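A short worksheet on the structure shown next.
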Amino acid sequence: MAEHVSGLLAASLLVPLLVAFFDSTWRIPEFSPRQIVYAKDVFPLVFAPWAAPTGITRAASRLLQAALLLRLPAAAILPCYAHWVVVALTRTLTGFLLTRSVGWAYPRMFNHWALYEISSGIGPALATYLLTSGARPTLDFVRGSFKSRHWDSARAEVILVACACSILCWLDNAPWTYSISVLLALAWAFWRAWLTPSVPHGNVYVPFSSDAQQTPNSPLRRPRMGMQACLMVLLMIFLPSISTFLLSRSRYPPVLPASSGGGLLLQILVLSFPRPNDDTSGSTTVLSQTISSYLPYIDNNSVELSVFTHAKI
């Protein structure tokens, strides 16, 4: 019965792929925090796991999610969906703080993608579930090839879970969403480490195991192993951004070519239109200050400033 429930959920995640292939106009919108912040629309949040993915990599991630769900027990389905709701609500709060709330007051904290990054499928929830529950390796070559004093099954499980979560993040191209899911798993690991009493390890069910009665406790259920896995996933999520930053810092800054023949090197275009509820005098003052800030840098031969506005200056 459990296999049928997991298989049914995995198949339901693949239905949007087929529907979008035959009729691209009918699709459930992917989730973005702006839908709640601006439109107060919770429909995408509720049905985001079944939203049609956009792009080939997101479709590949959906196939991987379905394959992982086939190995999960039926008891993990409801926790996974609960994880998704918590991740989505936390992402909404983070996006609101880094844009409309704190972001406008402190521009250094402003981040556009915190609010506009889209997400679909059950990948972020799977990442949280795997990091908090574990995934025992069942492939014989994994357990047989790395039997040594420096490599045990616990370390193999940490690396397996970290790689699975990182691949899902890279395919979905949703670092904000997966970072939130990993941070929630890390917070849960801290909670178990310091705020809950230690319990003896028993024979409990662990995902990806073939026998629920004879499977030992997952290493990732230990707080220390769970923290190691979370930190490893966070590093791998931000690895592309860190690499890009280091490579850009190592290069010399681009130098504008010298003007030949008196051509323009920079054109500044300012577009302004007063909002219906804006104070006319206030918007005019802001526009005047903006224009005045550019004036000291304008050169008649290389820089040009153009302003288009309906305000009376």
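Following the order of the structure tokens, chains are lettered A, B, ..., residues in each are numbered from 1, and ligands are numbered from 1.
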Go through range 153-198 of chain A and flag each residue having an atom no more than 12 Å from range 65-69 of chain A; for those, report the closest pair of atoms plus their distance in Å to one decimal, using only C-alpha atoms, ordered by chain and rising number, as a tab-separated table.
```
residue	atom	partner	partner_atom	distance
A:Val161	CA	A:Leu68	CA	11.3
A:Ala164	CA	A:Leu68	CA	9.4
A:Cys165	CA	A:Gln65	CA	10.3
A:Ile167	CA	A:Gln65	CA	10.7
A:Leu168	CA	A:Gln65	CA	8.0
A:Cys169	CA	A:Gln65	CA	11.3
A:Leu171	CA	A:Gln65	CA	10.9
A:Asp172	CA	A:Gln65	CA	10.9
```
**OP:** From a DSSP calculation on the backbone, collect every residue of range 60-182 of chain A in helix (DSSP H, G or I) and output the set as JSON, numbers by chain.
**Re:** {"A": [60, 61, 62, 63, 64, 65, 66, 67, 68, 69, 74, 75, 76, 77, 78, 79, 80, 81, 82, 83, 84, 85, 86, 87, 88, 89, 90, 91, 92, 93, 94, 95, 96, 97, 98, 99, 100, 101, 102, 103, 104, 105, 107, 108, 109, 113, 114, 115, 116, 123, 124, 125, 126, 127, 128, 129, 130, 131, 132, 133, 140, 141, 142, 143, 144, 145, 153, 154, 155, 156, 157, 158, 159, 160, 161, 162, 163, 164, 165, 166, 167, 168, 169, 170, 171, 172, 175, 176, 177, 178, 179, 180, 181, 182]}
**OP:** For range 118-130 of chain A, work out the shell of residues within 7 Å, counting only C-alpha atoms and skipping chain neighbours fewer than 4 positions away, then give it as a ChimeraX atom specification.
**Re:** /A:30-32,48-51,53,62,65,80-81,83-84,134-135,161,165,168,174,177-178,181-182,185
Hey, can you spit out that residue selection with C-alpha atoms as a CSV table (one decimal), in the first residue's frame?
```csv
chain,number,residue,atom,x,y,z
A,30,GLU,CA,5.1,28.4,-10.2
A,31,PHE,CA,5.4,29.9,-6.7
A,32,SER,CA,7.0,33.2,-6.0
A,48,ALA,CA,3.4,24.6,-6.5
A,49,PRO,CA,4.5,20.9,-6.2
A,50,TRP,CA,2.3,20.2,-9.3
A,51,ALA,CA,3.2,23.4,-11.2
A,53,PRO,CA,8.4,23.4,-14.7
A,62,ARG,CA,11.2,17.0,-11.6
A,65,GLN,CA,12.2,14.2,-7.5
A,80,CYS,CA,7.3,16.6,2.9
A,81,TYR,CA,4.3,18.8,2.1
A,83,HIS,CA,8.1,21.1,4.9
A,84,TRP,CA,7.2,22.8,1.6
A,134,GLY,CA,18.6,10.7,6.2
A,135,ALA,CA,19.0,8.5,3.2
A,161,VAL,CA,22.4,13.5,0.8
A,165,CYS,CA,20.2,18.2,-2.5
A,168,LEU,CA,18.3,19.4,-7.1
A,174,ALA,CA,16.6,28.3,-7.0
A,177,THR,CA,14.5,28.5,-1.9
A,178,TYR,CA,16.9,25.7,-1.3
A,181,SER,CA,15.1,24.7,3.2
A,182,VAL,CA,18.7,23.8,4.3
A,185,ALA,CA,17.0,21.6,8.5
```
